[in-house]
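Have a look at protein18.txt; it's compact mmCIF, C-alpha atoms:
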# COMPACT_ATOMS: atom_id res chain seq x y z
CA MET A 1 15.56 36.20 82.22
CA THR A 2 16.89 35.49 78.74
CA ASP A 3 14.47 35.96 75.86
CA PHE A 4 14.69 32.63 74.03
CA ALA A 5 13.04 34.02 70.88
CA SER A 6 15.95 36.42 70.57
CA VAL A 7 18.47 33.62 71.16
CA GLN A 8 16.76 31.54 68.49
CA LYS A 9 16.84 34.50 66.08
CA HIS A 10 20.59 34.91 66.56
CA LEU A 11 21.30 31.19 66.21
CA THR A 12 19.17 31.03 63.07
CA ALA A 13 21.09 33.94 61.55
CA ILE A 14 24.42 32.27 62.38
CA THR A 15 23.31 28.94 60.93
CA SER A 16 21.98 30.62 57.80
CA ALA A 17 25.23 32.55 57.26
CA GLN A 18 27.32 29.42 57.69
CA THR A 19 25.08 27.44 55.33
CA ASP A 20 25.22 30.18 52.70
CA PHE A 21 29.01 30.27 52.96
CA ALA A 22 29.25 26.48 52.61
CA LYS A 23 27.02 26.55 49.52
CA SER A 24 28.94 29.37 47.85
CA SER A 25 32.25 27.72 48.71
CA PHE A 26 31.10 24.45 47.18
CA GLU A 27 29.99 26.23 44.00
CA ALA A 28 33.30 28.10 43.76
CA ASN A 29 35.23 24.84 44.22
CA LYS A 30 33.15 23.14 41.55
CA ALA A 31 33.74 26.00 39.10
CA TYR A 32 37.46 25.94 39.85
CA PHE A 33 37.78 22.22 39.16
CA ASP A 34 35.73 22.56 35.96
CA LYS A 35 38.13 25.26 34.74
CA LEU A 36 41.10 23.22 35.90
CA ALA A 37 39.95 20.24 33.84
CA ASP A 38 40.07 22.43 30.73
CA ALA A 39 43.57 23.76 31.44
CA LYS A 40 45.97 22.72 28.67
CA SER A 41 49.23 24.18 29.93
CA PRO A 42 51.08 24.53 33.24
CA ASP A 43 50.85 28.32 32.89
CA LYS A 44 47.06 28.18 32.65
CA PHE A 45 46.99 25.76 35.61
CA LEU A 46 49.08 28.17 37.70
CA GLU A 47 46.96 31.15 36.65
CA LEU A 48 43.71 29.39 37.59
CA THR A 49 45.12 28.19 40.91
CA THR A 50 46.39 31.65 41.83
CA GLU A 51 43.07 33.26 40.89
CA TYR A 52 41.14 30.66 42.89
CA ALA A 53 43.38 31.01 45.97
CA ARG A 54 43.01 34.80 46.00
CA SER A 55 39.27 34.60 45.58
CA ALA A 56 38.85 31.88 48.21
CA GLN A 57 40.96 33.78 50.74
CA LYS A 58 39.06 37.03 50.19
CA THR A 59 35.70 35.27 50.46
CA PHE A 60 36.76 33.41 53.59
CA VAL A 61 37.92 36.57 55.38
CA THR A 62 34.72 38.41 54.45
CA GLU A 63 32.44 35.58 55.57
CA ALA A 64 34.42 34.82 58.73
CA THR A 65 34.19 38.48 59.73
CA LYS A 66 30.45 38.51 59.12
CA ILE A 67 29.89 35.29 61.08
CA GLY A 68 32.16 36.53 63.87
CA GLU A 69 30.06 39.68 64.17
CA LEU A 70 26.92 37.53 64.40
CA TYR A 71 28.50 35.48 67.22
CA THR A 72 29.54 38.67 69.02
CA ALA A 73 26.02 40.09 68.85
CA PHE A 74 24.61 36.77 70.06
CA ALA A 75 27.01 36.57 73.01
CA LYS A 76 26.35 40.15 74.07
CA GLU A 77 22.61 39.63 74.11
CA ALA A 78 22.66 36.13 75.57
CA PHE A 79 24.88 37.00 78.53
CA THR A 80 23.44 40.44 79.36
CA PRO A 81 20.95 39.06 81.93
CA PHE A 82 23.74 37.22 83.76
CA THR A 83 26.08 40.19 83.91
CA SER A 84 23.35 42.64 84.94
CA ASN A 85 22.13 40.21 87.62
CA LEU A 86 25.70 39.79 88.90
CA ALA A 87 26.22 43.56 89.06
CA HIS A 88 22.91 43.95 90.92
CA LYS A 89 23.94 41.34 93.52
CA LYS A 90 27.33 42.99 94.04
CA LEU A 91 25.68 46.39 94.47
CA GLN A 92 23.16 44.93 96.90
CA ALA A 93 25.90 43.26 98.98
CA THR A 94 27.90 46.51 99.09
CA TRP A 95 24.85 48.55 100.12
CA LEU A 96 23.81 46.16 102.89
CA THR A 97 27.21 45.77 104.53
CA GLY A 98 28.98 48.98 103.63
CA TYR A 99 31.67 46.96 101.90
CA GLN A 100 31.65 43.94 99.65
CA GLN A 101 32.19 40.55 101.21
CA PRO A 102 33.05 37.95 98.58
CA TRP A 103 31.26 35.15 100.45
CA THR A 104 27.91 37.01 100.48
CA VAL A 105 27.70 37.38 96.70
CA SER A 106 26.12 34.34 95.08
CA PHE A 107 26.26 33.64 91.40
Spell out the structure here as structure tokens.
Amino acid sequence: MTDFASVQKHLTAITSAQTDFAKSSFEANKAYFDKLADAKSPDKFLELTTEYARSAQKTFVTEATKIGELYTAFAKEAFTPFTSNLAHKKLQATWLTGYQQPWTVSF
């Protein structure tokens, strides 16, 4: 049986990480547009845009990796009872009949 407290813990961590990323992204966008409003030349505009794009891409990759790892940990823990139960049923069917019959294994 799946431990729902553990599932809730994983989902809370995922939601928190996504919320934190959204907040930091919003703040970075706001700071970028504030700097952009003060730009007086096309060179400064290009410099600010390049700096922002590099920073945004680096932050996105870092946060996406972190959130992906949280989803991976959640999936591994959430589906462990199903996979172990399935393996147990297959082993039981093989032991009872001497070979595995696909129609005797129920999911």
Q: Might you pull out every residue within 12 Å of Lys9 (chain A), with all atoms listed in the file counted and same-chain residues fewer than 4 positions away left off, and present them as a PyMOL selection string?
A: chain A and resi 3-5+13-16+70-71+73-74+77-78
Q. Smallest atom-to-atom distance to Thr65 (chain A): which of A:Gln8, A:Ser24, A:Gln18, A:Thr49, using all atoms listed in the file?
A. A:Gln18
Q) If you count only C-alpha atoms, which residues fall within 10 Å of Glu63 (chain A), apart from same-chain ones fewer than 6 positions away, as a list in words? A) Ala17, Gln18, Asp20, Phe21, Gln57 and Glu69 of chain A
**Q.** Between CA of Lys35 (chain A) and CA of Ala53 (chain A), distance in Å (one decimal)
**A.**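 Computing it gives 13.7 Å between the two atoms.
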Q: Find the distance between CA of Thr59 (chain A) and CA of Lys44 (chain A) and write it in Å to one decimal.
A: 22.3 Å
